[in-house]
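Written out below as structure tokens is the structure these notes cover.
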Amino acid sequence: MAGPDRDRLSWYEASARQRLDALLDPGSFTEVLGPAERRMSPHLPLFDLPRAFDDGIVVGSGSLDGKTMFVAAQEGRFMGGAFGEVHGAKLVGLLRAALDVKPAAVLLLLDTGGVRLQEANAGETAIAEAMRAIVAARAAGVPVVGLIGGRAGCFGGGGLIAGTCSRLAVSEGGRISVSGPEVIETNKGAEEFDSKDRALVWRTMGGKHRRLIGGADAFCADTVSAFREAALRLIADAPAFDLDTLTAEQARLRARIDRFGQCRDATDIWAKLGVNDPDAVPAMDTGAFDETVAQAREAVHDAR
Amino acid sequence: MESLTFRHTTTKPLPGTKPQAITGVVASGNLEILLERVLPPDACEVAIETPVAGYGPVWEAVVADFVARAQPGGVRISINDGGARPDTVSLRLLQGARLMEA
């Protein structure tokens, strides 16, 4: 069988394993706790639900342009990529091992709706442990880069984890938030947020919005090669993890609320950012969007 | 959950030397198939976990058809089903066998 063609493989359509195979240098991936080990969820059988051999996350090491990486890839189609006990433990274990091994970076291929409700306590704990482990890895000088462009997006605790990463790359199909569209609608009503309005969902949580306000640091076309190039670039310019960086992030987040807090729609924010024709943003191709980003100073930003 | 196991004798081993392969995802209408070359060369075992109970005879027929076509001797096949239709199961099994031959 021919090797994966990373220029043509859609990140959005690919499985977690296909993404890793195509992202890393060919043949370099070594999996830890692979499917044959059968470390499956102890909780799902209680609910009469099917399990996955890898509990929906693939972890291990490989190389990217010759440099050693630790990688974790969530499978967004298995239970929405949600965190369960085993799933979370695999991610936390990988991040903690990064402290000992000191890879060039940890890449998190996030594709998750958040915590798996059937094992919510374990999932919530895993989110907290993962955030702490990311902070520890960054403090030890290992950049942690999130790559987001799967169909589950990056929601709930996944959105919190993304907020702790050194850098984030996102594609147009990728979404980053904490409460998802349906959650907001359920709690606040369809007048507040209509989850069936796909245009609204994407301009509020989608990749372009996140990039424009500086929540993500790179905007990629929906191919594995675009994510690979972005990952290499982001690893190279990952910020130091120190008090200066955190203080600057806090100041920027405060300024963001002051500046955009009264906006009613993402297009209002884009107009304030100096985008000439905010209504044209959703239909822009990657090239035109990159030019728009270059004019919006906010996009150069260490704050999530 | 329903657990089903089918054992078959094959006329030959599955070609190739790949020790293990996995294909598919446990999602609605889909399934994951793990293949491991761990059995004697004329044996094949297929173990299925499915949340959709009562389709034993259909699984039996699909698996028997696959074994007759692919002759996957030496391979243990483990399936986590997400409610896949028989044609999807059949295609995934053949896809898995092909991955092992690579």
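Following the order of the structure tokens, chains are lettered A, B, ..., residues in each are numbered from 1, and ligands are numbered from 1.
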Sort by chain and increasing residue number a table of all residues of chain B within 9 Å of chain A, each with its closest pair of atoms and their distance in Å to one decimal, counting only C-alpha atoms, and write it as a tab-separated table.
residue	atom	partner	partner_atom	distance
B:Met1	CA	A:Asp48	CA	5.5
B:Gln20	CA	A:Ala36	CA	8.1
B:Ile22	CA	A:Pro35	CA	7.7
B:Gly24	CA	A:Ser15	CA	8.5
B:Val25	CA	A:Phe78	CA	6.6
B:Val26	CA	A:Phe78	CA	5.5
B:Ala27	CA	A:Phe78	CA	5.3
B:Ser28	CA	A:Arg77	CA	8.5
B:Glu32	CA	A:Ala52	CA	7.5
B:Leu34	CA	A:Pro35	CA	7.5
B:Leu35	CA	A:Ala36	CA	8.8
B:Glu36	CA	A:Ala36	CA	7.9
B:Glu49	CA	A:Pro50	CA	7.3
B:Thr50	CA	A:Pro50	CA	6.6
B:Pro51	CA	A:Pro50	CA	6.1
B:Asn80	CA	A:Ala52	CA	6.4
B:Asp81	CA	A:Pro50	CA	6.7
B:Gly82	CA	A:Pro50	CA	6.5
B:Leu99	CA	A:Met1	CA	8.1
B:Ala102	CA	A:Met1	CA	6.4
Would you mind listing what lies within 10 Å of stretch 284-298 of chain A as a CSV table (one decimal) with C-alpha atoms, in the first residue's frame, with only C-alpha atoms counted and same-chain residues fewer than 6 positions away left out?
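So the final result, stored in out12.csv, reads:
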chain,number,residue,atom,x,y,z
A,171,SER,CA,-8.2,24.9,10.4
A,172,GLU,CA,-11.5,26.4,9.1
A,208,LYS,CA,-11.0,31.8,11.5
A,211,ARG,CA,-7.1,33.0,14.6
A,212,LEU,CA,-8.3,36.6,14.2
A,213,ILE,CA,-8.6,37.3,17.9
A,214,GLY,CA,-5.3,35.6,18.6
A,215,GLY,CA,-6.8,32.5,20.3
A,218,ALA,CA,-1.8,29.5,13.0
A,219,PHE,CA,-4.6,29.0,10.5
A,220,CYS,CA,-4.2,25.9,8.3
A,221,ALA,CA,-5.7,24.6,5.1
A,222,ASP,CA,-7.5,21.3,5.8
A,252,ARG,CA,-4.0,41.1,26.9
A,256,ARG,CA,-9.7,42.0,25.0
A,270,TRP,CA,-13.7,41.6,13.3
A,271,ALA,CA,-14.8,45.2,12.3
A,272,LYS,CA,-13.1,46.5,15.5
A,273,LEU,CA,-10.0,44.6,14.6
A,274,GLY,CA,-9.8,46.6,11.3
A,275,VAL,CA,-11.1,43.9,8.9
A,276,ASN,CA,-12.4,45.9,6.0
A,277,ASP,CA,-15.3,43.7,5.0
A,278,PRO,CA,-16.1,41.4,8.0
Test item: residues at most 12 Å from stretch 56-68 of chain B, only C-alpha atoms, excluding those fewer than 3 positions along its chain, as a VMD selection string: chain B and resid 2 to 14 42 to 53 71 to 79 81 83 to 97
One-decimal distance in Å that lies between atom CA of A:Ala280 and atom CA of A:Glu182: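 Between atom CA of A:Glu182 and atom CA of A:Ala280 the gap is 25.9 Å.
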DSSP-assigned strand (DSSP E or B) among stretch 47-165 of chain A, expressed as a VMD selection string: chain A and resid 57 to 64 67 to 74 83 105 to 110 112 115 144 to 148 154
Atom CA of A:Arg198 to atom CA of A:Cys165, distance in Å rounded to a single decimal: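 Here the two named atoms are 27.1 Å from each other.
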Residue contacts of A:Val86 (9 Å, only C-alpha atoms) excluding same-chain residues fewer than 5 positions away, as a list in words: Arg39, Met40, Ser41, Pro42, Asp54, Asp55, Leu91, Ala122 and Gly123 of chain A
